[in-house]
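Asks: Please find coords.pdb (PDB, C-alpha atoms, pLDDT in the B column) on the next line:
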```pdb
ATOM      1  CA  MET K   1      12.577   5.692  -6.376  1.00 46.00           C
ATOM      2  CA  THR K   2      14.251   3.404  -3.875  1.00 42.00           C
ATOM      3  CA  THR K   3      13.149   3.882  -0.279  1.00 43.00           C
ATOM      4  CA  MET K   4      15.222   2.556   2.550  1.00 42.00           C
ATOM      5  CA  THR K   5      15.235   2.347   6.323  1.00 39.00           C
ATOM      6  CA  PRO K   6      18.893   2.326   7.354  1.00 36.00           C
ATOM      7  CA  LYS K   7      18.326   0.983  10.861  1.00 36.00           C
ATOM      8  CA  LYS K   8      14.758  -0.271  11.007  1.00 37.00           C
ATOM      9  CA  ASN K   9      13.913  -2.224   7.901  1.00 38.00           C
ATOM     10  CA  SER K  10      10.895  -4.518   7.830  1.00 37.00           C
ATOM     11  CA  ARG K  11      11.128  -7.666   5.829  1.00 37.00           C
ATOM     12  CA  ARG K  12      11.004  -7.422   2.034  1.00 39.00           C
ATOM     13  CA  ALA K  13       7.649  -8.517   0.713  1.00 39.00           C
ATOM     14  CA  ARG K  14       7.413 -11.536  -1.500  1.00 39.00           C
ATOM     15  CA  THR K  15       5.437 -11.710  -4.694  1.00 39.00           C
ATOM     16  CA  TYR K  16       2.198 -12.542  -2.901  1.00 43.00           C
ATOM     17  CA  THR K  17       1.872  -9.101  -1.321  1.00 46.00           C
ATOM     18  CA  VAL K  18      -0.891  -7.506  -3.374  1.00 49.00           C
ATOM     19  CA  ALA K  19      -2.603 -10.807  -4.060  1.00 50.00           C
ATOM     20  CA  LEU K  20      -2.937 -11.269  -0.317  1.00 54.00           C
ATOM     21  CA  ALA K  21      -4.088  -7.702   0.183  1.00 55.00           C
ATOM     22  CA  ALA K  22      -6.664  -7.926  -2.577  1.00 54.00           C
ATOM     23  CA  GLY K  23      -7.855 -11.260  -1.244  1.00 51.00           C
ATOM     24  CA  ALA K  24      -8.185  -9.911   2.263  1.00 56.00           C
ATOM     25  CA  LEU K  25     -10.126  -6.905   1.008  1.00 59.00           C
ATOM     26  CA  ALA K  26     -12.380  -9.007  -1.174  1.00 46.00           C
ATOM     27  CA  LEU K  27     -13.164 -11.428   1.629  1.00 41.00           C
ATOM     28  CA  ALA K  28     -13.803  -8.591   4.064  1.00 45.00           C
ATOM     29  CA  GLY K  29     -16.210  -6.981   1.628  1.00 44.00           C
ATOM     30  CA  CYS K  30     -18.280 -10.083   0.861  1.00 39.00           C
ATOM     31  CA  SER K  31     -21.741 -10.653   2.273  1.00 33.00           C
ATOM     32  CA  SER K  32     -24.288 -13.391   1.875  1.00 34.00           C
ATOM     33  CA  GLY K  33     -27.360 -11.174   1.531  1.00 36.00           C
ATOM     34  CA  GLY K  34     -29.470 -11.045  -1.578  1.00 39.00           C
ATOM     35  CA  GLY K  35     -32.626 -13.102  -1.084  1.00 39.00           C
ATOM     36  CA  GLY K  36     -31.820 -15.834  -3.605  1.00 41.00           C
ATOM     37  CA  SER K  37     -33.547 -19.187  -3.706  1.00 42.00           C
ATOM     38  CA  GLY K  38     -30.550 -21.041  -2.389  1.00 42.00           C
ATOM     39  CA  PRO K  39     -27.007 -21.944  -3.358  1.00 43.00           C
ATOM     40  CA  LYS K  40     -26.317 -22.658  -7.007  1.00 45.00           C
ATOM     41  CA  GLU K  41     -23.661 -24.868  -8.518  1.00 47.00           C
ATOM     42  CA  SER K  42     -20.820 -22.978 -10.133  1.00 45.00           C
ATOM     43  CA  ASN K  43     -17.858 -23.942 -12.247  1.00 53.00           C
ATOM     44  CA  GLU K  44     -15.952 -20.899 -11.062  1.00 50.00           C
ATOM     45  CA  PRO K  45     -12.797 -21.656  -9.055  1.00 48.00           C
ATOM     46  CA  LYS K  46     -13.272 -21.245  -5.332  1.00 50.00           C
ATOM     47  CA  MET K  47     -11.131 -18.750  -3.465  1.00 46.00           C
ATOM     48  CA  GLU K  48      -9.436 -20.186  -0.415  1.00 52.00           C
ATOM     49  CA  SER K  49      -8.596 -17.679   2.253  1.00 53.00           C
ATOM     50  CA  GLN K  50      -5.261 -17.634   4.015  1.00 64.00           C
ATOM     51  CA  ASP K  51      -5.113 -16.446   7.581  1.00 81.00           C
ATOM     52  CA  VAL K  52      -3.062 -13.254   7.747  1.00 86.00           C
ATOM     53  CA  THR K  53      -2.425 -11.982  11.242  1.00 86.00           C
ATOM     54  CA  LEU K  54      -1.685  -8.391  12.172  1.00 87.00           C
ATOM     55  CA  GLY K  55       1.782  -7.940  13.610  1.00 87.00           C
ATOM     56  CA  THR K  56       2.753  -5.650  16.452  1.00 89.00           C
ATOM     57  CA  ALA K  57       5.142  -2.695  16.469  1.00 90.00           C
ATOM     58  CA  VAL K  58       7.859  -5.102  17.611  1.00 89.00           C
ATOM     59  CA  ASP K  59       7.158  -7.334  14.605  1.00 87.00           C
ATOM     60  CA  SER K  60       7.509  -4.269  12.391  1.00 89.00           C
ATOM     61  CA  THR K  61      11.041  -3.380  13.477  1.00 90.00           C
ATOM     62  CA  GLY K  62      14.182  -4.577  11.773  1.00 82.00           C
ATOM     63  CA  PRO K  63      16.602  -5.221  10.434  1.00 81.00           C
ATOM     64  CA  ALA K  64      15.347  -8.291   8.589  1.00 79.00           C
ATOM     65  CA  LYS K  65      17.464 -11.354   9.205  1.00 80.00           C
ATOM     66  CA  GLU K  66      20.271 -11.918   6.737  1.00 84.00           C
ATOM     67  CA  LEU K  67      19.640 -14.358   3.910  1.00 84.00           C
ATOM     68  CA  PRO K  68      22.451 -16.906   3.409  1.00 88.00           C
ATOM     69  CA  GLY K  69      24.587 -15.934   0.435  1.00 90.00           C
ATOM     70  CA  ALA K  70      22.809 -12.622  -0.178  1.00 89.00           C
ATOM     71  CA  LYS K  71      24.894  -9.706  -1.460  1.00 87.00           C
ATOM     72  CA  LYS K  72      24.098  -6.033  -1.903  1.00 85.00           C
ATOM     73  CA  GLY K  73      23.722  -4.596  -5.390  1.00 87.00           C
ATOM     74  CA  GLY K  74      23.840  -6.520  -8.632  1.00 89.00           C
ATOM     75  CA  THR K  75      21.526  -6.677 -11.631  1.00 88.00           C
ATOM     76  CA  VAL K  76      18.093  -8.225 -11.851  1.00 82.00           C
ATOM     77  CA  THR K  77      17.404  -9.695 -15.291  1.00 84.00           C
ATOM     78  CA  VAL K  78      13.807 -10.502 -16.260  1.00 77.00           C
ATOM     79  CA  LEU K  79      12.866 -12.437 -19.391  1.00 82.00           C
ATOM     80  CA  GLN K  80       9.281 -11.865 -20.485  1.00 80.00           C
ATOM     81  CA  ARG K  81       7.353 -11.564 -23.698  1.00 83.00           C
ATOM     82  CA  ASP K  82       5.931  -8.079 -23.235  1.00 83.00           C
ATOM     83  CA  THR K  83       7.209  -4.887 -21.717  1.00 85.00           C
ATOM     84  CA  PHE K  84       5.708  -3.418 -18.548  1.00 87.00           C
ATOM     85  CA  ASP K  85       2.571  -1.340 -19.007  1.00 88.00           C
ATOM     86  CA  HIS K  86       3.492   0.732 -15.962  1.00 89.00           C
ATOM     87  CA  LEU K  87       6.234   1.106 -13.389  1.00 92.00           C
ATOM     88  CA  ASP K  88       4.452   3.973 -11.641  1.00 94.00           C
ATOM     89  CA  PRO K  89       3.398   2.547  -8.240  1.00 94.00           C
ATOM     90  CA  GLY K  90       0.037   4.269  -8.613  1.00 94.00           C
ATOM     91  CA  GLN K  91      -0.740   2.344 -11.801  1.00 94.00           C
ATOM     92  CA  ILE K  92       0.488  -1.132 -10.838  1.00 94.00           C
ATOM     93  CA  TYR K  93      -2.014  -3.962 -10.405  1.00 91.00           C
ATOM     94  CA  VAL K  94      -0.703  -7.021 -12.302  1.00 86.00           C
ATOM     95  CA  SER K  95       1.720  -9.750 -11.359  1.00 84.00           C
ATOM     96  CA  ASP K  96       4.926  -8.933 -13.256  1.00 86.00           C
ATOM     97  CA  GLU K  97       4.746  -5.275 -12.284  1.00 91.00           C
ATOM     98  CA  LEU K  98       3.908  -6.204  -8.688  1.00 90.00           C
ATOM     99  CA  ILE K  99       7.067  -8.274  -8.498  1.00 87.00           C
ATOM    100  CA  ALA K 100       9.258  -5.589 -10.095  1.00 88.00           C
ATOM    101  CA  GLN K 101       8.021  -2.774  -7.863  1.00 92.00           C
ATOM    102  CA  THR K 102       9.247  -4.509  -4.717  1.00 90.00           C
ATOM    103  CA  LEU K 103      12.769  -3.593  -5.879  1.00 88.00           C
ATOM    104  CA  TYR K 104      12.196   0.161  -5.707  1.00 92.00           C
ATOM    105  CA  ASN K 105       8.952   0.871  -3.854  1.00 95.00           C
ATOM    106  CA  ARG K 106       7.936   0.693  -0.208  1.00 95.00           C
ATOM    107  CA  THR K 107       4.461   0.877   1.297  1.00 97.00           C
ATOM    108  CA  LEU K 108       3.001   1.831   4.679  1.00 98.00           C
ATOM    109  CA  THR K 109       2.497  -1.831   5.581  1.00 97.00           C
ATOM    110  CA  ASN K 110       3.792  -5.047   4.075  1.00 95.00           C
ATOM    111  CA  TYR K 111       3.834  -8.805   4.566  1.00 93.00           C
ATOM    112  CA  GLN K 112       6.254 -10.801   6.655  1.00 90.00           C
ATOM    113  CA  PHE K 113       6.507 -14.520   5.986  1.00 87.00           C
ATOM    114  CA  ASP K 114       7.530 -17.263   8.355  1.00 83.00           C
ATOM    115  CA  ASP K 115      10.015 -19.454   6.487  1.00 81.00           C
ATOM    116  CA  LYS K 116       9.072 -22.514   8.508  1.00 83.00           C
ATOM    117  CA  THR K 117       5.282 -22.328   8.377  1.00 84.00           C
ATOM    118  CA  GLY K 118       4.733 -20.207   5.278  1.00 84.00           C
ATOM    119  CA  LYS K 119       2.242 -18.130   7.257  1.00 89.00           C
ATOM    120  CA  ALA K 120       1.893 -14.434   6.466  1.00 92.00           C
ATOM    121  CA  LYS K 121       1.778 -11.579   8.933  1.00 93.00           C
ATOM    122  CA  LEU K 122       1.003  -7.964   8.077  1.00 96.00           C
ATOM    123  CA  VAL K 123       3.509  -5.564   9.632  1.00 95.00           C
ATOM    124  CA  GLY K 124       4.523  -1.942   9.335  1.00 96.00           C
ATOM    125  CA  ASP K 125       6.994  -1.175   6.540  1.00 96.00           C
ATOM    126  CA  LEU K 126       7.338   2.583   6.142  1.00 97.00           C
ATOM    127  CA  ALA K 127       5.054   2.787   9.184  1.00 98.00           C
ATOM    128  CA  THR K 128       5.932   1.722  12.710  1.00 97.00           C
ATOM    129  CA  ASP K 129       2.968  -0.664  12.853  1.00 96.00           C
ATOM    130  CA  THR K 130      -0.175  -1.683  10.969  1.00 96.00           C
ATOM    131  CA  GLY K 131      -2.018   1.466  12.050  1.00 97.00           C
ATOM    132  CA  LYS K 132      -4.008   2.701  15.007  1.00 97.00           C
ATOM    133  CA  SER K 133      -7.764   3.056  14.617  1.00 97.00           C
ATOM    134  CA  SER K 134     -10.062   5.393  16.523  1.00 97.00           C
ATOM    135  CA  ASP K 135     -13.558   6.843  16.213  1.00 96.00           C
ATOM    136  CA  GLY K 136     -14.986   3.360  15.841  1.00 96.00           C
ATOM    137  CA  GLY K 137     -12.678   2.495  12.942  1.00 96.00           C
ATOM    138  CA  ARG K 138     -13.398   5.657  10.950  1.00 96.00           C
ATOM    139  CA  THR K 139      -9.971   7.171  11.623  1.00 97.00           C
ATOM    140  CA  TRP K 140      -6.635   5.454  10.998  1.00 98.00           C
ATOM    141  CA  THR K 141      -3.307   6.939  12.055  1.00 98.00           C
ATOM    142  CA  TYR K 142       0.123   5.916  10.807  1.00 98.00           C
ATOM    143  CA  THR K 143       3.507   7.036  12.107  1.00 98.00           C
ATOM    144  CA  LEU K 144       6.583   6.799   9.886  1.00 98.00           C
ATOM    145  CA  LYS K 145       9.710   5.056  11.149  1.00 97.00           C
ATOM    146  CA  ASP K 146      12.853   6.998  11.959  1.00 96.00           C
ATOM    147  CA  GLY K 147      15.563   7.359   9.343  1.00 95.00           C
ATOM    148  CA  LEU K 148      13.496   6.747   6.203  1.00 96.00           C
ATOM    149  CA  LYS K 149      15.275   8.047   3.110  1.00 96.00           C
ATOM    150  CA  TYR K 150      15.071   7.945  -0.640  1.00 95.00           C
ATOM    151  CA  GLU K 151      17.918   6.530  -2.673  1.00 91.00           C
ATOM    152  CA  ASP K 152      19.462   9.998  -3.008  1.00 93.00           C
ATOM    153  CA  GLY K 153      19.531  10.384   0.768  1.00 95.00           C
ATOM    154  CA  SER K 154      16.693  12.903   1.082  1.00 96.00           C
ATOM    155  CA  PRO K 155      14.284  12.212   3.950  1.00 97.00           C
ATOM    156  CA  ILE K 156      10.841  10.683   3.506  1.00 97.00           C
ATOM    157  CA  THR K 157       8.093  12.579   5.297  1.00 97.00           C
ATOM    158  CA  SER K 158       4.349  12.314   5.742  1.00 97.00           C
ATOM    159  CA  LYS K 159       3.946  14.894   2.959  1.00 95.00           C
ATOM    160  CA  ASP K 160       5.408  12.347   0.528  1.00 96.00           C
ATOM    161  CA  VAL K 161       2.771   9.799   1.541  1.00 97.00           C
ATOM    162  CA  ARG K 162       0.098  12.470   1.110  1.00 94.00           C
ATOM    163  CA  GLN K 163       1.540  13.182  -2.336  1.00 92.00           C
ATOM    164  CA  ALA K 164       1.352   9.480  -3.231  1.00 94.00           C
ATOM    165  CA  VAL K 165      -2.338   9.354  -2.268  1.00 93.00           C
ATOM    166  CA  GLU K 166      -3.352  12.678  -3.823  1.00 90.00           C
ATOM    167  CA  ARG K 167      -1.744  11.958  -7.186  1.00 88.00           C
ATOM    168  CA  LEU K 168      -4.020   8.904  -7.485  1.00 89.00           C
ATOM    169  CA  TYR K 169      -6.801  11.386  -8.298  1.00 85.00           C
ATOM    170  CA  ALA K 170      -4.975  12.701 -11.378  1.00 84.00           C
ATOM    171  CA  PRO K 171      -6.815  11.922 -14.652  1.00 81.00           C
ATOM    172  CA  TYR K 172      -3.991   9.744 -15.979  1.00 85.00           C
ATOM    173  CA  GLN K 173      -4.137   7.423 -12.962  1.00 87.00           C
ATOM    174  CA  THR K 174      -6.484   4.767 -14.363  1.00 87.00           C
ATOM    175  CA  ASN K 175      -5.003   1.343 -13.673  1.00 91.00           C
ATOM    176  CA  GLY K 176      -4.113   0.886 -10.018  1.00 91.00           C
ATOM    177  CA  PRO K 177      -6.164  -0.171  -6.986  1.00 92.00           C
ATOM    178  CA  THR K 178      -8.911   2.266  -5.963  1.00 90.00           C
ATOM    179  CA  TYR K 179      -9.900   0.963  -2.529  1.00 92.00           C
ATOM    180  CA  LEU K 180      -8.464   3.805  -0.469  1.00 93.00           C
ATOM    181  CA  GLN K 181      -9.535   6.563  -2.873  1.00 90.00           C
ATOM    182  CA  GLN K 182     -13.129   5.344  -2.892  1.00 89.00           C
ATOM    183  CA  TRP K 183     -13.215   5.056   0.873  1.00 93.00           C
ATOM    184  CA  LEU K 184     -11.901   8.604   1.204  1.00 90.00           C
ATOM    185  CA  SER K 185     -14.104  10.234  -1.404  1.00 83.00           C
ATOM    186  CA  GLY K 186     -16.905   7.895  -2.442  1.00 74.00           C
ATOM    187  CA  GLU K 187     -17.522   5.692  -5.458  1.00 64.00           C
ATOM    188  CA  GLY K 188     -17.455   8.664  -7.822  1.00 56.00           C
ATOM    189  CA  GLN K 189     -14.076   9.767  -6.504  1.00 60.00           C
ATOM    190  CA  LYS K 190     -15.303  13.367  -6.332  1.00 64.00           C
ATOM    191  CA  TYR K 191     -11.826  14.686  -5.674  1.00 67.00           C
ATOM    192  CA  ARG K 192     -10.808  13.938  -9.259  1.00 67.00           C
ATOM    193  CA  LYS K 193     -12.648  17.165 -10.079  1.00 61.00           C
ATOM    194  CA  ALA K 194     -11.386  19.036  -7.049  1.00 58.00           C
ATOM    195  CA  LEU K 195      -7.801  17.996  -7.808  1.00 63.00           C
ATOM    196  CA  PRO K 196      -7.583  18.205 -11.628  1.00 55.00           C
ATOM    197  CA  ASP K 197      -3.810  18.152 -11.440  1.00 58.00           C
ATOM    198  CA  GLY K 198      -3.661  17.086  -7.835  1.00 56.00           C
ATOM    199  CA  PRO K 199      -0.902  18.451  -5.631  1.00 56.00           C
ATOM    200  CA  TYR K 200       1.043  19.695  -8.662  1.00 55.00           C
ATOM    201  CA  LYS K 201      -0.945  22.931  -8.446  1.00 63.00           C
ATOM    202  CA  GLY K 202      -0.819  23.186  -4.692  1.00 66.00           C
ATOM    203  CA  LYS K 203      -4.245  21.651  -4.106  1.00 76.00           C
ATOM    204  CA  HIS K 204      -4.635  19.047  -1.402  1.00 85.00           C
ATOM    205  CA  LEU K 205      -7.335  16.814  -0.020  1.00 86.00           C
ATOM    206  CA  PRO K 206      -9.122  18.440   2.936  1.00 87.00           C
ATOM    207  CA  SER K 207      -7.480  17.774   6.283  1.00 91.00           C
ATOM    208  CA  SER K 208     -10.821  16.326   7.352  1.00 91.00           C
ATOM    209  CA  VAL K 209     -10.104  13.523   4.866  1.00 92.00           C
ATOM    210  CA  LEU K 210      -6.309  13.207   4.859  1.00 95.00           C
ATOM    211  CA  ASP K 211      -4.214  14.990   7.433  1.00 96.00           C
ATOM    212  CA  THR K 212      -0.453  15.254   7.985  1.00 97.00           C
ATOM    213  CA  PRO K 213      -0.135  17.160  11.272  1.00 97.00           C
ATOM    214  CA  ASP K 214       3.641  16.694  11.336  1.00 97.00           C
ATOM    215  CA  ASP K 215       6.419  15.158   9.236  1.00 97.00           C
ATOM    216  CA  LYS K 216       5.906  11.662  10.622  1.00 98.00           C
ATOM    217  CA  THR K 217       2.127  11.327  10.971  1.00 98.00           C
ATOM    218  CA  ILE K 218      -0.538  10.444   8.386  1.00 98.00           C
ATOM    219  CA  VAL K 219      -4.204  10.398   9.412  1.00 98.00           C
ATOM    220  CA  PHE K 220      -6.958   8.968   7.192  1.00 97.00           C
ATOM    221  CA  HIS K 221     -10.564   9.947   7.972  1.00 96.00           C
ATOM    222  CA  PHE K 222     -13.400   7.843   6.544  1.00 95.00           C
ATOM    223  CA  ASP K 223     -17.147   8.334   6.689  1.00 92.00           C
ATOM    224  CA  GLN K 224     -17.686   4.802   7.999  1.00 94.00           C
ATOM    225  CA  PRO K 225     -15.626   2.138   9.796  1.00 96.00           C
ATOM    226  CA  ARG K 226     -12.922   0.574   7.600  1.00 96.00           C
ATOM    227  CA  ALA K 227     -11.357  -2.495   9.168  1.00 95.00           C
ATOM    228  CA  GLU K 228      -9.519  -3.325   5.931  1.00 96.00           C
ATOM    229  CA  VAL K 229      -7.281  -0.236   5.878  1.00 97.00           C
ATOM    230  CA  PRO K 230      -4.088  -2.009   7.052  1.00 97.00           C
ATOM    231  CA  PHE K 231      -4.340  -4.311   4.018  1.00 96.00           C
ATOM    232  CA  ALA K 232      -5.179  -1.498   1.585  1.00 96.00           C
ATOM    233  CA  VAL K 233      -2.074   0.487   2.524  1.00 97.00           C
ATOM    234  CA  ALA K 234       0.081  -2.560   1.718  1.00 96.00           C
ATOM    235  CA  MET K 235      -0.775  -2.073  -1.958  1.00 95.00           C
ATOM    236  CA  PRO K 236       1.920  -0.458  -4.129  1.00 95.00           C
ATOM    237  CA  ASN K 237       0.077   2.832  -4.657  1.00 95.00           C
ATOM    238  CA  ILE K 238       0.109   3.782  -0.961  1.00 97.00           C
ATOM    239  CA  SER K 239       3.799   4.540  -0.774  1.00 96.00           C
ATOM    240  CA  ALA K 240       5.958   7.672  -0.690  1.00 96.00           C
ATOM    241  CA  VAL K 241       6.375   9.943  -3.705  1.00 93.00           C
ATOM    242  CA  PRO K 242       8.444  13.133  -3.505  1.00 89.00           C
ATOM    243  CA  PRO K 243       6.495  16.261  -4.506  1.00 80.00           C
ATOM    244  CA  GLY K 244       9.005  16.991  -7.284  1.00 78.00           C
TER     245      GLY K 244
END
```
Write out the structure in this file as structure tokens.
Replies:
Amino acid sequence: MTTMTPKKNSRRARTYTVALAAGALALAGCSSGGGGSGPKESNEPKMESQDVTLGTAVDSTGPAKELPGAKKGGTVTVLQRDTFDHLDPGQIYVSDELIAQTLYNRTLTNYQFDDKTGKAKLVGDLATDTGKSSDGGRTWTYTLKDGLKYEDGSPITSKDVRQAVERLYAPYQTNGPTYLQQWLSGEGQKYRKALPDGPYKGKHLPSSVLDTPDDKTIVFHFDQPRAEVPFAVAMPNISAVPPG
């Protein structure tokens, strides 16, 4: 399932993509409450945060600059002890699979790296930018770029992004990130019962939760402000999956 933007192609993510996203989400979700008696010594490794800025719509346009010596096509050979557990973007959450999926999967947002400084910036990938929030951060709207197509040339639409999100509620989806699903439907992921086979039987999430008013627009509605959404939709499971 290769997705491409013929004219506007944001920079290919490096292997840090989901690690950065997970780190950003974890740091955003931490709090110091709890009423303990004071700090305790720990032998656990300390997480160091890396500043990740949010890019603009201009940052999200392409094409990416050419890499010296790069050629189209070819074969990627990977030597590893074990096979992949999953190559389904909805089920990917570990390092070797995260690296492999960048060859065939695209997400709403992704990371752009400055070669000189090594600094990361979140930019739009399938989307024109990192998202527009409204209603105090409870609503996030994404617009797809022009010219997005699958490898076979068929167009990518907002319905494909909806399909990617809705299929995460299928019973067999047990291994991937669950940030966005929980934010949309609560810790119990109530829509697993409402969508026993998800969109395969014509059932969709309510438009009050996930709306696709036209072929280029995806609107997420949450019950509370969610500042971390731009990072969550950089994870491999928030991509585009054709209904077939």
Asks: Taking all listed atoms of region 60-74 of chain K, build the axis-aligned box, pad each of the six sides by 3 Å, then write its centre and edge lengths in Å to one decimal as JSON.
Replies:
```
{"center_x": 16.2, "center_y": -10.1, "center_z": 2.4, "size_x": 23.4, "size_y": 19.5, "size_z": 28.1}
```
Asks: Would you mind listing what lies within 9 Å of Asp160 (chain K) as an NGL selection string, with only C-alpha atoms counted and same-chain residues fewer than 2 positions away left out?
Replies: :K and (156-158 or 162-165 or 239-243)
Asks: Considering all atoms listed in the file, give me a table of residues in region 113-194 of chain K that are at most 10 Å from region 75-90 of chain K, with the closest atom pair and distance in Å for each, as CSV.
Replies:
```
residue,atom,partner,partner_atom,distance
K:Ala164,CA,K:Gly90,CA,7.6
K:Val165,CA,K:Gly90,CA,8.5
K:Arg167,CA,K:Gly90,CA,8.0
K:Leu168,CA,K:Gly90,CA,6.3
K:Tyr169,CA,K:Gly90,CA,9.9
K:Gln173,CA,K:Gly90,CA,6.8
K:Thr174,CA,K:Gly90,CA,8.7
K:Asn175,CA,K:Gly90,CA,7.7
K:Gly176,CA,K:Gly90,CA,5.5
K:Pro177,CA,K:Gly90,CA,7.8
K:Thr178,CA,K:Gly90,CA,9.5
```
Asks: Interatomic distance between CA of Lys159 (chain K) and CA of Lys216 (chain K)?
Replies: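 Rounded to one decimal, the two atoms are 8.5 Å apart.
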Asks: Kindly provide, as a PyMOL selection string, the polymer residues lying within 9 Å of (2.7, -12.6, 7.2), counting all atoms listed in the file and using the coordinates exactly as they appear in the file.
Replies: chain K and resi 51-55+110-114+118-123
Asks: With C-alpha atoms retained, export the selected residues as a PDB file, in the coordinates of the input.
Replies:
```pdb
ATOM      1  CA  ASP K  51      -5.113 -16.446   7.581  1.00 81.00           C
ATOM      2  CA  VAL K  52      -3.062 -13.254   7.747  1.00 86.00           C
ATOM      3  CA  THR K  53      -2.425 -11.982  11.242  1.00 86.00           C
ATOM      4  CA  LEU K  54      -1.685  -8.391  12.172  1.00 87.00           C
ATOM      5  CA  GLY K  55       1.782  -7.940  13.610  1.00 87.00           C
ATOM      6  CA  ASN K 110       3.792  -5.047   4.075  1.00 95.00           C
ATOM      7  CA  TYR K 111       3.834  -8.805   4.566  1.00 93.00           C
ATOM      8  CA  GLN K 112       6.254 -10.801   6.655  1.00 90.00           C
ATOM      9  CA  PHE K 113       6.507 -14.520   5.986  1.00 87.00           C
ATOM     10  CA  ASP K 114       7.530 -17.263   8.355  1.00 83.00           C
ATOM     11  CA  GLY K 118       4.733 -20.207   5.278  1.00 84.00           C
ATOM     12  CA  LYS K 119       2.242 -18.130   7.257  1.00 89.00           C
ATOM     13  CA  ALA K 120       1.893 -14.434   6.466  1.00 92.00           C
ATOM     14  CA  LYS K 121       1.778 -11.579   8.933  1.00 93.00           C
ATOM     15  CA  LEU K 122       1.003  -7.964   8.077  1.00 96.00           C
ATOM     16  CA  VAL K 123       3.509  -5.564   9.632  1.00 95.00           C
TER      17      VAL K 123
END
```
Asks: Taking (1.4, -0.6, 8.4) in the file's coordinates as the center, which residues reach within 8 Å of it, counting all atoms listed in the file, put as a list in words?
Replies: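 In the file's frame, the residues around the point are Thr107, Leu108, Thr109, Asn110, Leu122, Val123, Gly124, Asp125, Leu126, Ala127, Thr128, Asp129, Thr130, Gly131, Tyr142, Pro230, Val233 and Ala234 of chain K.
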Asks: Give as a ChimeraX atom specification the residues that the PyMOL selection byres ((chain K and resi 135) around 10) matches when applied to the coordinates above.
Replies: /K:133-134,136-140,221-222,224-225
Asks: So which one's closest to Thr212 (chain K), K:Thr102, K:Ser154, K:Ser185, K:Thr143? Using all atoms listed in the file, please.
Replies: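 So, comparing all the options, the nearest one is K:Thr143.
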Asks: How many Å lie between CA of Pro206 (chain K) and CA of Met235 (chain K), rounded to one decimal?
Replies: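 Going from CA of Pro206 (chain K) over to CA of Met235 (chain K), I get 22.7 Å.
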Asks: So how far away is CA of Asn237 (chain K) from CA of Gly186 (chain K), in Å?
Replies: 17.9 Å
